[in-house]
Each structure stands twice: as C-alpha cells, then as structure tokens.
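**Student:** Handing you this structure, nothing more for now.
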Amino acid sequence: MMKTISLVMVGFGNVGKAFAQLILDKADLIQKEYQVEFRVTGIATTRHGIAVDPRGIDLQQALQCMQQKVSLDTLCREGVPTSMEEFVQTCPGDALLENSPVNHHTGQPAVGYIRSALMRKMHVVSANKGPVVHAYRELTDLAARQGVKYYFESAVMDGMPIFSLFRSSLPAVELRGFLGILNSTTNLILEFMEKGKSFEEAVQYAQVLGIAEADPAEDVDGWDAAIKVSALATVLMGLDFKPQQVQRQGIAHLTPRMVEEARQAGERWKLVCRARRTPQGLEASVMPQRVSSDSPLYHISGTSSYVQFETDVLAELGMMEGKPGTYTTAYGLLADLLNILQNR
Ligand SMILES: NC(=O)c1ccc[n+]([C@@H]2O[C@H](COP(=O)([O-])OP(=O)(O)OC[C@H]3O[C@@H](n4cnc5c(N)ncnc54)[C@H](OP(=O)(O)O)[C@@H]3O)[C@@H](O)[C@H]2O)c1
C-alpha cells in the first residue's frame with residue numbers, strides 16, 4: 001500500500017533545491033520500489049520566504065520561485081510563520097530535512113531545529129556537519145528516546161555512504177583509524193599551484209569556478225577538514241572529539257617553489273587528514289604533506305576526495321568520491337530517508 005511521507009524543509013539553498021529536484025526526478029522509481037510518495041509540507045528560508053501547505057507544496061513552483069526571485073510566501077496556504085523556530089515547531093510533517101548553513105563553532109541554530117523536530121517525534125535528515133560535531137550524542141539519544149532517527153550521511157563527503165556503511169554493512173568491526181583528503185577546495189588549489197599558479201592566484205581561480213568561498217579561510221586553514229575528521233571520529237569511533245582537538249595546519253604557507261620541488265621528487269603536496277586510536281583516546285591531524293605515487297592520496301585530483309579506513313578485519317578500506325556536486329549531496333539525504341523508512 002502506498003505510504004505518504006510528509007517532509008518539512010529548513011533551508012532551500014544549493015542542497016535543498018537539489019533535493020527537491022531529486023525527489024521529483026525519482027518520484028516514479030520511489031513509488032514503484034518503496035511504495036512511498038513524498039509530500040513537502042513546508043519550506044523555510046531566511047531571505048526567500050516560507051511556504052507551508054499541509055496538502056503539499058508544488059516543488060516545481062517552489063524551484064521556479066527561487067529562480068525568479070519570487071518569495072516562497074506566495075505558496076503559503078497557512079499564515080506565514082513569524083520565525084524559523086515557529087516554523088519548525090508547528091509545520092506538520094513526518095521528517096525534517098535540515099539544510100541550513102553550518103556553524104562550526106556551536107552547531108546552532110541547526111541543533112535547536114533538530115532538537116525541536118525530534119521532540120515532535122519527527123525523523124531528522126541533515127547535510128549539516130555542525131550538529132554532528134557539537135551535539136551528536138545528545139541528538140542521537142533524544143532520537144532513540146522518541147522512537148525516531150537522526151541521520152546525516154551527507155555531512156561528510158556529500159552523499160558517499162560512509163555512516164550507513166558502518167551502521168549496516170560492517171557489524172562488529174573495530175575502526176582503528178583513517179586517513180584521507182576530505183577538503184576538495186584545497187585539493188584543487190594545490191593542483192592549480194602544480195600548474196604554476198601562486199597560492200593567491202590558485203585561490204582566485206577556485207573562486208571563479210565557484211568552488212572556493214569568497215572568504216576561503218575555513219578551507220585553506222584546514223578548519224573544514226578538521227570538522228570532518230571530528231565528525232568521523234565522533235560517530236564511527238565513539239569518541240567525543242572536537243575540531244579544536246585536531247592538530248591543524250593549513251596550506252597558505254606553501255609556495256610554488258615547494259610545490260615544484262615536490263614535483264621534481266615525484267611527489268605531490270596534499271592536505272592530509274589522519275586519525276588514529278591510541279591508548280589515551282585519539283590522535284588526529286590535518287596537515288599539508290608530500291605524498292609519493294605509491295600512496296592512493298597522490299592520485300586524488302581536482303575536487304575529488306578520498307578516505308581510507310583501517311579496521312581490525314579490513315586492513316585498508318578506501319572510498320573515493322569524484323565529481324562531487326549538490327545532486328550527490330541530495331542523494332545522501334534521500335538515501336537516509338529511505339533507509340529510515342526501511343528501518344535500516
Ligand atoms: N553544497 C554542498 O554540496 C554541500 C555538501 C555537503 C554538505 N553541505 C551542507 O549542507 C548545508 C546547506 O548547504 P547549501 O550549500 O545548500 O547552503 P546555501 O546554499 O547557503 O543554503 C542555505 C539555506 O539555508 C537558509 N538559511 C540561512 N540561514 C539560516 C538560518 N539561520 N536558519 C535556517 N535557514 C537558514 C538559506 O536561506 P536563504 O535562501 O534565504 O539564503 C538557504 O535557503 C550546509 O550545512 C552545508 O555545510 C553542503
């Protein structure tokens with residue numbers, strides 16, 4: 001029998017819009033294979049309005065509104081909520097899709113939105129790293145008490161199935177550590193430097209391509225990578241490990257000469273993430289390092305990323321993500337939702 005699942009969306013930016021497009025594209029397949037149809041009952045943004053319609057918002061129209069810079073308020077069939085908090089507390093739904101900007105320092109206000117939804121016994125699916133590193137244990141415990149799930153596959157390496165792999169396919173495995181390239185912006189900048197650009201020129205190039213932010217500090221200083229290391233360690237290794245505890249160095253001090261010297265030695269500079277369980281807990285770092293061609297990291301080019309896990313039974317388990325994009329991130333959200341509905 002067909003089941004209708006109501007979704008409430010906080011954030012309708014790159015990821016939110018890609019998710020809307022994905023569930024439109026896959027509607028027939030999802031209905032056929034899972035006997036599920038999704039109905040979006042609310043979409044909230046900060047500057048582009050808020051739409052609430054318990055009977056279901058027309059997603060094509062919502063996407064058109066965003067494209068034509070028409071407020072989503074025009075699609076609202078109820079009184080427009082006066083705040084994001086009111087929206088999260090009142091919009092009817094079975095699951096919250098939380099895709100607001102990341103706050104690296106506190107995880108807020110996303111942690112609050114997720115808490116409110118879980119209190120209402122709604123599942124939560126989110127691409128946001130902030131709540132994972134700042135409130136994973138609290139939110140997961142709250143979800144369990146409420147009989148719902150909080151999943152966040154897209155928070156690290158977009159839609160790559162990392163968290164679900166450990167949750168579902170690697171029972172009783174002991175994760176000893178991991179290494180990888182988890183920030184695609186710095187990987188691209190380093191590649192531009194290999195082609196002869198200065199650090200500043202390489203950053204500008206990445207900005208023109210829309211890969212680097214206007215303020216690229218969080219990427220080039222290694223913060224984004226440190227947060228991902230912290231998220232993986234917290235969830236997969238059961239350690240409450242904050243980004244501030246990751247030993248961190250960025251790539252801003254690398255010069256074209258250093259990059260050229262590495263090239264002549266048959267090596268490449270990479271911003272390498274590492275974590276290793278120790279008797280005291282965990283040692284973790286994000287550091288630029290020269291890697292040689294016998295390392296899988298050497299071959300990770302452009303905006304690709306890579307993680308390699310070391311476990312007690314699988315000595316080296318590597319996953320590479322090439323050509324990342326928001327559609328992949330959106331897929332991680334959809335996979336989480338379907339996994340929740342399948343009780344996986
Ligand atoms: N882009 C990716 O491929 C990717 C990959 C992995 C993870 N993520 C994560 O996914 C999340 C969304 O990323 P994005 O690229 O879609 O960002 P984005 O394009 O900046 O969109 C953010 C959305 O959140 C809304 N928003 C802004 N401040 C808010 C607040 N305080 N409360 C609630 N909503 C707020 C924005 O409203 P307006 O529309 O009015 O601006 C916008 O709709 C982030 O946490 C990001 O780290 C993104």
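Each chain of the structure tokens is named A, B, ... in the order shown, its residues numbered from 1; ligands are numbered from 1 in display order.
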For ligand 1, list the contacting residues at 8 Å or closer, counting only C-alpha atoms and all ligand atoms, as number ranges by chain.
**Tutor:** A: 10-17, 44-49, 84, 98-103, 109-110, 126-130, 154-159, 324-329
**Student:** Can you write just those residues out, N, CA, C and O atoms, as a short mmCIF file (atom, residue, chain, number, x, y, z; two decimals), in the first residue's frame?
**Tutor:**
data_model
loop_
_atom_site.label_atom_id
_atom_site.label_comp_id
_atom_site.auth_asym_id
_atom_site.auth_seq_id
_atom_site.Cartn_x
_atom_site.Cartn_y
_atom_site.Cartn_z
N VAL A 10 13.99 22.82 6.17
CA VAL A 10 14.64 24.06 6.63
C VAL A 10 15.86 24.25 5.76
O VAL A 10 16.76 23.41 5.74
N GLY A 11 15.89 25.35 5.01
CA GLY A 11 17.00 25.59 4.07
C GLY A 11 16.59 25.12 2.69
O GLY A 11 16.19 23.96 2.50
N PHE A 12 16.62 26.06 1.75
CA PHE A 12 16.28 25.73 0.36
C PHE A 12 17.31 26.42 -0.53
O PHE A 12 17.00 27.17 -1.44
N GLY A 13 18.58 26.14 -0.20
CA GLY A 13 19.69 26.68 -0.98
C GLY A 13 20.16 25.62 -1.96
O GLY A 13 19.35 24.85 -2.50
N ASN A 14 21.47 25.54 -2.18
CA ASN A 14 22.01 24.59 -3.17
C ASN A 14 21.52 23.17 -2.89
O ASN A 14 21.04 22.47 -3.79
N VAL A 15 21.64 22.75 -1.64
CA VAL A 15 21.31 21.36 -1.28
C VAL A 15 19.79 21.15 -1.25
O VAL A 15 19.28 20.16 -1.80
N GLY A 16 19.08 22.07 -0.62
CA GLY A 16 17.62 21.93 -0.52
C GLY A 16 16.98 21.85 -1.90
O GLY A 16 16.12 21.00 -2.17
N LYS A 17 17.42 22.73 -2.80
CA LYS A 17 16.84 22.74 -4.16
C LYS A 17 17.22 21.46 -4.92
O LYS A 17 16.38 20.89 -5.63
N ALA A 44 11.36 26.47 4.42
CA ALA A 44 11.69 27.75 5.07
C ALA A 44 13.09 28.21 4.70
O ALA A 44 14.03 27.42 4.69
N THR A 45 13.18 29.49 4.37
CA THR A 45 14.48 30.13 4.11
C THR A 45 14.52 31.41 4.95
O THR A 45 13.49 31.78 5.54
N THR A 46 15.66 32.05 4.97
CA THR A 46 15.70 33.31 5.74
C THR A 46 15.34 34.52 4.88
O THR A 46 14.64 35.41 5.32
N ARG A 47 15.79 34.52 3.61
CA ARG A 47 15.57 35.71 2.77
C ARG A 47 14.59 35.46 1.63
O ARG A 47 14.20 36.38 0.93
N HIS A 48 14.24 34.18 1.40
CA HIS A 48 13.39 33.87 0.24
C HIS A 48 12.00 33.40 0.65
O HIS A 48 11.30 32.78 -0.14
N GLY A 49 11.62 33.70 1.88
CA GLY A 49 10.27 33.41 2.31
C GLY A 49 10.08 32.01 2.89
O GLY A 49 11.03 31.21 2.97
N MET A 84 11.70 31.15 12.20
CA MET A 84 12.13 29.80 11.83
C MET A 84 11.75 28.82 12.96
O MET A 84 11.33 27.69 12.71
N GLU A 98 17.03 19.09 7.33
CA GLU A 98 17.71 20.28 7.87
C GLU A 98 18.94 20.58 7.01
O GLU A 98 19.92 19.83 7.05
N ASN A 99 18.87 21.67 6.26
CA ASN A 99 19.98 22.04 5.36
C ASN A 99 20.27 23.52 5.44
O ASN A 99 20.34 24.21 4.43
N SER A 100 20.45 23.99 6.67
CA SER A 100 20.83 25.40 6.86
C SER A 100 22.37 25.48 6.90
O SER A 100 23.05 24.46 6.99
N PRO A 101 22.93 26.70 6.83
CA PRO A 101 24.40 26.82 6.80
C PRO A 101 25.04 26.26 8.06
O PRO A 101 24.46 26.32 9.15
N VAL A 102 26.25 25.74 7.88
CA VAL A 102 26.97 25.17 9.02
C VAL A 102 27.52 26.28 9.92
O VAL A 102 27.98 27.31 9.44
N ASN A 103 27.38 26.06 11.23
CA ASN A 103 28.06 26.93 12.21
C ASN A 103 29.10 26.05 12.89
O ASN A 103 28.76 25.16 13.68
N PRO A 109 22.03 27.66 14.55
CA PRO A 109 20.77 27.27 15.21
C PRO A 109 20.29 25.87 14.81
O PRO A 109 19.26 25.42 15.29
N ALA A 110 21.08 25.16 13.98
CA ALA A 110 20.60 23.87 13.46
C ALA A 110 20.34 22.87 14.60
O ALA A 110 19.36 22.11 14.55
N SER A 126 19.91 15.41 7.74
CA SER A 126 20.60 16.70 7.62
C SER A 126 21.95 16.54 6.92
O SER A 126 22.63 15.53 7.11
N ALA A 127 22.32 17.56 6.13
CA ALA A 127 23.65 17.57 5.50
C ALA A 127 24.63 18.41 6.31
O ALA A 127 25.76 18.63 5.88
N ASN A 128 24.19 18.88 7.47
CA ASN A 128 24.93 19.88 8.24
C ASN A 128 25.91 19.20 9.22
O ASN A 128 25.50 18.42 10.08
N LYS A 129 27.20 19.55 9.10
CA LYS A 129 28.22 18.95 9.98
C LYS A 129 28.16 19.50 11.41
O LYS A 129 28.57 18.85 12.35
N GLY A 130 27.69 20.76 11.52
CA GLY A 130 27.73 21.45 12.82
C GLY A 130 27.08 20.63 13.93
O GLY A 130 27.72 20.33 14.96
N SER A 154 25.11 12.99 4.41
CA SER A 154 25.72 13.98 3.51
C SER A 154 26.66 14.95 4.21
O SER A 154 27.25 15.81 3.55
N ALA A 155 26.81 14.82 5.52
CA ALA A 155 27.66 15.79 6.24
C ALA A 155 29.14 15.64 5.92
O ALA A 155 29.90 16.59 6.01
N VAL A 156 29.57 14.43 5.55
CA VAL A 156 30.98 14.20 5.19
C VAL A 156 31.02 13.53 3.82
O VAL A 156 30.34 12.53 3.60
N MET A 157 31.81 14.08 2.91
CA MET A 157 31.94 13.54 1.55
C MET A 157 30.58 13.42 0.85
O MET A 157 30.27 12.40 0.21
N ASP A 158 29.77 14.47 1.01
CA ASP A 158 28.50 14.58 0.29
C ASP A 158 27.65 13.32 0.48
O ASP A 158 27.37 12.96 1.60
N GLY A 159 27.28 12.65 -0.61
CA GLY A 159 26.37 11.51 -0.44
C GLY A 159 27.06 10.17 -0.34
O GLY A 159 26.42 9.13 -0.43
N PRO A 324 32.21 15.73 -7.29
CA PRO A 324 31.16 15.99 -6.29
C PRO A 324 30.22 17.09 -6.76
O PRO A 324 30.60 17.94 -7.55
N GLY A 325 29.00 17.04 -6.30
CA GLY A 325 28.02 18.07 -6.67
C GLY A 325 26.85 18.03 -5.71
O GLY A 325 26.73 17.10 -4.90
N THR A 326 25.98 19.02 -5.83
CA THR A 326 24.87 19.08 -4.87
C THR A 326 23.86 17.93 -5.08
O THR A 326 23.16 17.55 -4.15
N TYR A 327 23.80 17.41 -6.31
CA TYR A 327 22.87 16.28 -6.56
C TYR A 327 23.32 15.06 -5.74
O TYR A 327 22.50 14.29 -5.26
N THR A 328 24.66 14.90 -5.62
CA THR A 328 25.19 13.78 -4.81
C THR A 328 24.83 14.01 -3.34
O THR A 328 24.43 13.08 -2.63
N THR A 329 24.99 15.25 -2.90
CA THR A 329 24.64 15.58 -1.50
C THR A 329 23.16 15.29 -1.27
O THR A 329 22.78 14.69 -0.25
#
**Student:** Quick one: residues within 9 Å of A:Gly266, only C-alpha atoms, excluding same-chain residues fewer than 5 positions away - as a list in words?
**Tutor:**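 Once the adjacent positions are removed, what remains is Glu261, Val291, Ser292 and Ser293 of chain A.
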**Student:** Please save N, CA, C and O atoms of the selected residues as a tab-separated table (two decimals), in the first residue's frame.
**Tutor:**
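Printed below is out-v2.tsv as written:
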chain	number	residue	atom	x	y	z
A	261	GLU	N	59.43	21.65	-6.10
A	261	GLU	CA	60.42	20.71	-5.53
A	261	GLU	C	59.80	19.32	-5.33
A	261	GLU	O	60.42	18.31	-5.62
A	291	VAL	N	53.22	13.54	-0.65
A	291	VAL	CA	52.93	12.10	-0.77
A	291	VAL	C	53.51	11.59	-2.08
A	291	VAL	O	53.54	12.31	-3.09
A	292	SER	N	53.96	10.35	-2.06
A	292	SER	CA	54.58	9.79	-3.26
A	292	SER	C	53.55	8.96	-4.04
A	292	SER	O	52.46	8.68	-3.54
A	293	SER	N	53.94	8.54	-5.24
A	293	SER	CA	52.96	7.95	-6.15
A	293	SER	C	52.48	6.57	-5.70
A	293	SER	O	51.52	6.04	-6.26
**Student:** Write down as a VMD selection string the residues belonging to stretch 25-159 of chain A that are assigned helix (DSSP H, G or I) by DSSP computed on the backbone.
**Tutor:** chain A and resid 25 27 to 34 59 to 67 72 to 75 84 to 90 110 to 119 129 to 146 153 to 155
**Student:** What lies within 8 Å of A:Asn187 using only C-alpha atoms, ignoring chain neighbours under 6 positions off, as a ChimeraX atom specification?
**Tutor:** /A:181,270-271,301-304
**Student:** With N, CA, C and O atoms kept, could you save the residues just selected as a PDB file, in the first residue's frame?
**Tutor:**
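Written file, out.pdb:
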ATOM      1  N   ILE A 181      41.763  12.655   2.120  1.00  0.00           N
ATOM      2  CA  ILE A 181      41.685  14.036   1.640  1.00  0.00           C
ATOM      3  C   ILE A 181      40.209  14.384   1.701  1.00  0.00           C
ATOM      4  O   ILE A 181      39.404  13.826   0.947  1.00  0.00           O
ATOM      5  N   LYS A 270      49.608  17.410  -0.491  1.00  0.00           N
ATOM      6  CA  LYS A 270      48.181  17.164  -0.254  1.00  0.00           C
ATOM      7  C   LYS A 270      47.850  17.606   1.178  1.00  0.00           C
ATOM      8  O   LYS A 270      48.704  17.503   2.073  1.00  0.00           O
ATOM      9  N   LEU A 271      46.636  18.073   1.391  1.00  0.00           N
ATOM     10  CA  LEU A 271      46.201  18.373   2.762  1.00  0.00           C
ATOM     11  C   LEU A 271      45.640  17.063   3.329  1.00  0.00           C
ATOM     12  O   LEU A 271      44.528  16.647   2.997  1.00  0.00           O
ATOM     13  N   SER A 301      42.695  13.828  -7.553  1.00  0.00           N
ATOM     14  CA  SER A 301      42.895  15.076  -8.286  1.00  0.00           C
ATOM     15  C   SER A 301      41.672  15.978  -8.208  1.00  0.00           C
ATOM     16  O   SER A 301      40.561  15.525  -7.912  1.00  0.00           O
ATOM     17  N   GLY A 302      41.904  17.264  -8.496  1.00  0.00           N
ATOM     18  CA  GLY A 302      40.817  18.238  -8.595  1.00  0.00           C
ATOM     19  C   GLY A 302      39.961  18.259  -7.346  1.00  0.00           C
ATOM     20  O   GLY A 302      40.462  18.268  -6.221  1.00  0.00           O
ATOM     21  N   THR A 303      38.643  18.255  -7.540  1.00  0.00           N
ATOM     22  CA  THR A 303      37.733  18.364  -6.393  1.00  0.00           C
ATOM     23  C   THR A 303      37.351  16.996  -5.812  1.00  0.00           C
ATOM     24  O   THR A 303      36.437  16.893  -5.003  1.00  0.00           O
ATOM     25  N   SER A 304      38.074  15.964  -6.226  1.00  0.00           N
ATOM     26  CA  SER A 304      37.777  14.633  -5.662  1.00  0.00           C
ATOM     27  C   SER A 304      38.192  14.570  -4.194  1.00  0.00           C
ATOM     28  O   SER A 304      39.010  15.358  -3.736  1.00  0.00           O
TER      29      SER A 304
END
**Student:** For stretch 230-237 of chain A, list every protein, DNA or RNA residue within 7 Å, evaluated using only C-alpha atoms, and leave out those in the same chain fewer than 3 positions away; present the list as a PyMOL selection string.
**Tutor:** chain A and resi 132-133+175+226-227+240-243
**Student:** Going by DSSP on the backbone, which bits of stretch 178-333 of chain A are strand (DSSP E)? Write them as a PyMOL selection string, please.
**Tutor:** chain A and resi 178-181+247-248+267-278+281-292+305-311+317-321
**Student:** For a quick check of understanding, using only C-alpha atoms, which of A:Gln64, A:Thr186, A:Ile57, A:Val148 has the smallest distance to A:Cys76?
**Tutor:** A:Ile57
**Student:** Hey, which of A:Arg257, A:Arg248, A:Lys323, A:His299 ends up closest to A:Ala275? Count only C-alpha atoms.
**Tutor:**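 Looking only at the distances to A:Ala275, the closest residue turns out to be A:Arg248.
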**Student:** Restricting the calculation to only C-alpha atoms, which member of A:Arg77, A:Arg274, A:Arg344, A:Arg176 is positioned closest to A:Gln289?
**Tutor:**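 Closest to A:Gln289 of all the choices is A:Arg274.
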**Student:** Of the residues A:Met122, A:Val229, A:Leu334, A:Ala144, which is the one nearest to A:Gln21, using only C-alpha atoms?
**Tutor:**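 When distances to A:Gln21 are compared using only C-alpha atoms, the smallest one comes from A:Leu334.
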**Student:** Using only C-alpha atoms for the distances, tell me which of A:Cys273, A:Met193, A:Leu333, A:Ala172 is nearest to A:Gly222.
**Tutor:**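 Nearest candidate to A:Gly222 out of A:Cys273, A:Met193, A:Leu333, A:Ala172: A:Cys273.
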**Student:** Write out as a PyMOL selection string the residues lying within 7 Å of A:Val220, counting only C-alpha atoms and excluding same-chain residues fewer than 4 positions away.
**Tutor:** chain A and resi 186+216+250-252
**Student:** Residues at most 12 Å from A:Phe199, counting only C-alpha atoms, excluding those fewer than 2 positions away in the same chain, as a PyMOL selection string?
**Tutor:** chain A and resi 186+188-197+201-206+216+220+250-259
**Student:** Could you please take those selected residues and save N, CA, C and O atoms as a compact mmCIF listing (two decimals), in the first residue's frame?
**Tutor:**
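Below is the file that was written, selection.txt:
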# COMPACT_ATOMS: atom_id res chain seq x y z
N THR A 186 40.87 22.76 -1.15
CA THR A 186 42.33 22.83 -1.01
C THR A 186 43.01 21.88 -2.00
O THR A 186 44.09 22.19 -2.52
N LEU A 188 42.01 21.24 -4.98
CA LEU A 188 42.00 21.93 -6.27
C LEU A 188 43.04 23.06 -6.28
O LEU A 188 43.77 23.23 -7.27
N ILE A 189 43.13 23.80 -5.20
CA ILE A 189 44.09 24.91 -5.12
C ILE A 189 45.52 24.37 -5.28
O ILE A 189 46.33 24.92 -6.04
N LEU A 190 45.81 23.25 -4.62
CA LEU A 190 47.15 22.66 -4.73
C LEU A 190 47.42 22.22 -6.17
O LEU A 190 48.55 22.35 -6.67
N GLU A 191 46.39 21.74 -6.84
CA GLU A 191 46.58 21.31 -8.23
C GLU A 191 46.87 22.52 -9.14
O GLU A 191 47.72 22.45 -10.02
N PHE A 192 46.17 23.63 -8.89
CA PHE A 192 46.46 24.85 -9.67
C PHE A 192 47.91 25.30 -9.41
O PHE A 192 48.59 25.78 -10.32
N MET A 193 48.36 25.15 -8.17
CA MET A 193 49.75 25.55 -7.87
C MET A 193 50.74 24.65 -8.62
O MET A 193 51.80 25.10 -9.06
N GLU A 194 50.38 23.38 -8.79
CA GLU A 194 51.25 22.48 -9.56
C GLU A 194 51.35 22.93 -11.02
O GLU A 194 52.32 22.66 -11.71
N LYS A 195 50.28 23.67 -11.45
CA LYS A 195 50.29 24.16 -12.84
C LYS A 195 50.95 25.53 -12.93
O LYS A 195 50.81 26.23 -13.94
N GLY A 196 51.60 25.97 -11.85
CA GLY A 196 52.41 27.19 -11.92
C GLY A 196 51.78 28.42 -11.29
O GLY A 196 52.37 29.51 -11.33
N LYS A 197 50.59 28.30 -10.70
CA LYS A 197 49.96 29.48 -10.07
C LYS A 197 50.53 29.69 -8.67
O LYS A 197 50.95 28.74 -8.01
N GLU A 201 46.80 33.28 -6.63
CA GLU A 201 46.16 33.08 -7.95
C GLU A 201 45.31 31.80 -7.95
O GLU A 201 44.22 31.76 -8.53
N ALA A 202 45.84 30.76 -7.32
CA ALA A 202 45.11 29.48 -7.29
C ALA A 202 43.79 29.64 -6.54
O ALA A 202 42.76 29.11 -6.97
N VAL A 203 43.81 30.41 -5.45
CA VAL A 203 42.57 30.65 -4.70
C VAL A 203 41.58 31.40 -5.59
O VAL A 203 40.40 31.04 -5.68
N GLN A 204 42.08 32.44 -6.28
CA GLN A 204 41.20 33.23 -7.16
C GLN A 204 40.57 32.35 -8.24
O GLN A 204 39.39 32.45 -8.54
N TYR A 205 41.38 31.48 -8.81
CA TYR A 205 40.89 30.55 -9.84
C TYR A 205 39.75 29.69 -9.30
O TYR A 205 38.72 29.52 -9.94
N ALA A 206 39.99 29.16 -8.10
CA ALA A 206 38.97 28.30 -7.47
C ALA A 206 37.71 29.10 -7.16
O ALA A 206 36.59 28.58 -7.25
N PRO A 216 37.81 32.18 1.78
CA PRO A 216 38.15 30.75 1.74
C PRO A 216 38.86 30.24 3.00
O PRO A 216 39.34 29.12 3.02
N VAL A 220 41.13 26.82 3.50
CA VAL A 220 42.60 26.84 3.37
C VAL A 220 43.29 26.73 4.73
O VAL A 220 44.43 26.26 4.81
N GLY A 250 47.12 24.73 7.85
CA GLY A 250 46.54 24.93 6.52
C GLY A 250 47.59 24.90 5.43
O GLY A 250 48.74 24.46 5.64
N ILE A 251 47.20 25.40 4.24
CA ILE A 251 48.11 25.31 3.09
C ILE A 251 48.64 26.68 2.65
O ILE A 251 49.38 26.76 1.67
N ALA A 252 48.27 27.76 3.38
CA ALA A 252 48.58 29.12 2.90
C ALA A 252 50.09 29.40 2.84
O ALA A 252 50.51 30.30 2.11
N HIS A 253 50.90 28.64 3.58
CA HIS A 253 52.35 28.91 3.58
C HIS A 253 53.07 28.19 2.43
O HIS A 253 54.28 28.39 2.23
N LEU A 254 52.37 27.35 1.69
CA LEU A 254 53.04 26.61 0.60
C LEU A 254 53.34 27.55 -0.57
O LEU A 254 52.49 28.35 -0.98
N THR A 255 54.55 27.47 -1.08
CA THR A 255 54.96 28.35 -2.19
C THR A 255 55.06 27.53 -3.48
O THR A 255 55.23 26.29 -3.43
N PRO A 256 55.00 28.22 -4.64
CA PRO A 256 55.18 27.49 -5.91
C PRO A 256 56.49 26.71 -5.92
O PRO A 256 56.56 25.61 -6.47
N ARG A 257 57.53 27.26 -5.26
CA ARG A 257 58.82 26.56 -5.24
C ARG A 257 58.72 25.22 -4.49
O ARG A 257 59.24 24.19 -4.94
N MET A 258 58.03 25.24 -3.34
CA MET A 258 57.86 24.00 -2.58
C MET A 258 57.08 22.96 -3.40
O MET A 258 57.39 21.77 -3.39
N VAL A 259 56.07 23.45 -4.14
CA VAL A 259 55.25 22.55 -4.95
C VAL A 259 56.11 21.97 -6.09
O VAL A 259 56.04 20.77 -6.38
**Student:** For a quick check of understanding, using only C-alpha atoms, which of A:Ala214, A:Gly56, A:Gly112, A:Gln61 has the smallest distance to A:Glu85?
**Tutor:**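 The answer is A:Gly112, which sits nearest to A:Glu85.
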**Student:** Tell me, as a PyMOL selection string, which residues lie within 12 Å of A:Met1, counting only C-alpha atoms; anything in the same chain fewer than 3 positions away does not count.
**Tutor:** chain A and resi 4+31-37
**Student:** Go ahead and save the residues from that selection, with N, CA, C and O atoms, as a CSV table (one decimal), in the first residue's frame.
**Tutor:**
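So result.csv came out as:
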chain,number,residue,atom,x,y,z
A,4,THR,N,2.3,7.9,2.3
A,4,THR,CA,2.7,9.3,2.0
A,4,THR,C,3.5,9.8,3.2
A,4,THR,O,3.1,9.7,4.4
A,31,GLN,N,8.1,5.4,-5.8
A,31,GLN,CA,6.7,4.9,-5.6
A,31,GLN,C,6.7,3.4,-5.9
A,31,GLN,O,6.1,2.6,-5.2
A,32,LYS,N,7.4,3.1,-7.0
A,32,LYS,CA,7.3,1.7,-7.5
A,32,LYS,C,8.1,0.7,-6.6
A,32,LYS,O,7.6,-0.3,-6.2
A,33,GLU,N,9.3,1.1,-6.2
A,33,GLU,CA,10.1,0.2,-5.5
A,33,GLU,C,9.9,0.2,-4.0
A,33,GLU,O,10.2,-0.7,-3.3
A,34,TYR,N,9.5,1.4,-3.4
A,34,TYR,CA,9.3,1.5,-2.0
A,34,TYR,C,7.9,1.8,-1.5
A,34,TYR,O,7.6,1.9,-0.4
A,35,GLN,N,7.0,1.9,-2.5
A,35,GLN,CA,5.6,2.2,-2.2
A,35,GLN,C,5.5,3.5,-1.3
A,35,GLN,O,4.8,3.5,-0.3
A,36,VAL,N,6.3,4.5,-1.6
A,36,VAL,CA,6.3,5.7,-0.8
A,36,VAL,C,6.2,6.9,-1.7
A,36,VAL,O,6.8,6.9,-2.8
A,37,GLU,N,5.4,7.9,-1.3
A,37,GLU,CA,5.4,9.1,-2.0
A,37,GLU,C,5.7,10.2,-1.0
A,37,GLU,O,5.2,10.2,0.1
**Student:** Atom CA of A:Trp269 and atom CA of A:Ile300 are how many Å apart?
**Tutor:**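 Taking atom CA of A:Trp269 as the start and atom CA of A:Ile300 as the end point, the length is 11.1 Å.
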**Student:** State, in Å with one decimal place, the distance from atom CA of A:Met119 to atom CA of A:Asp94.
**Tutor:**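 Taking atom CA of A:Met119 as the start and atom CA of A:Asp94 as the end point, the length is 12.0 Å.
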**Student:** Using atom CA of A:Leu297 and atom CA of A:Leu179 as the two end points, give the distance in Å to one decimal.
**Tutor:** 9.1 Å
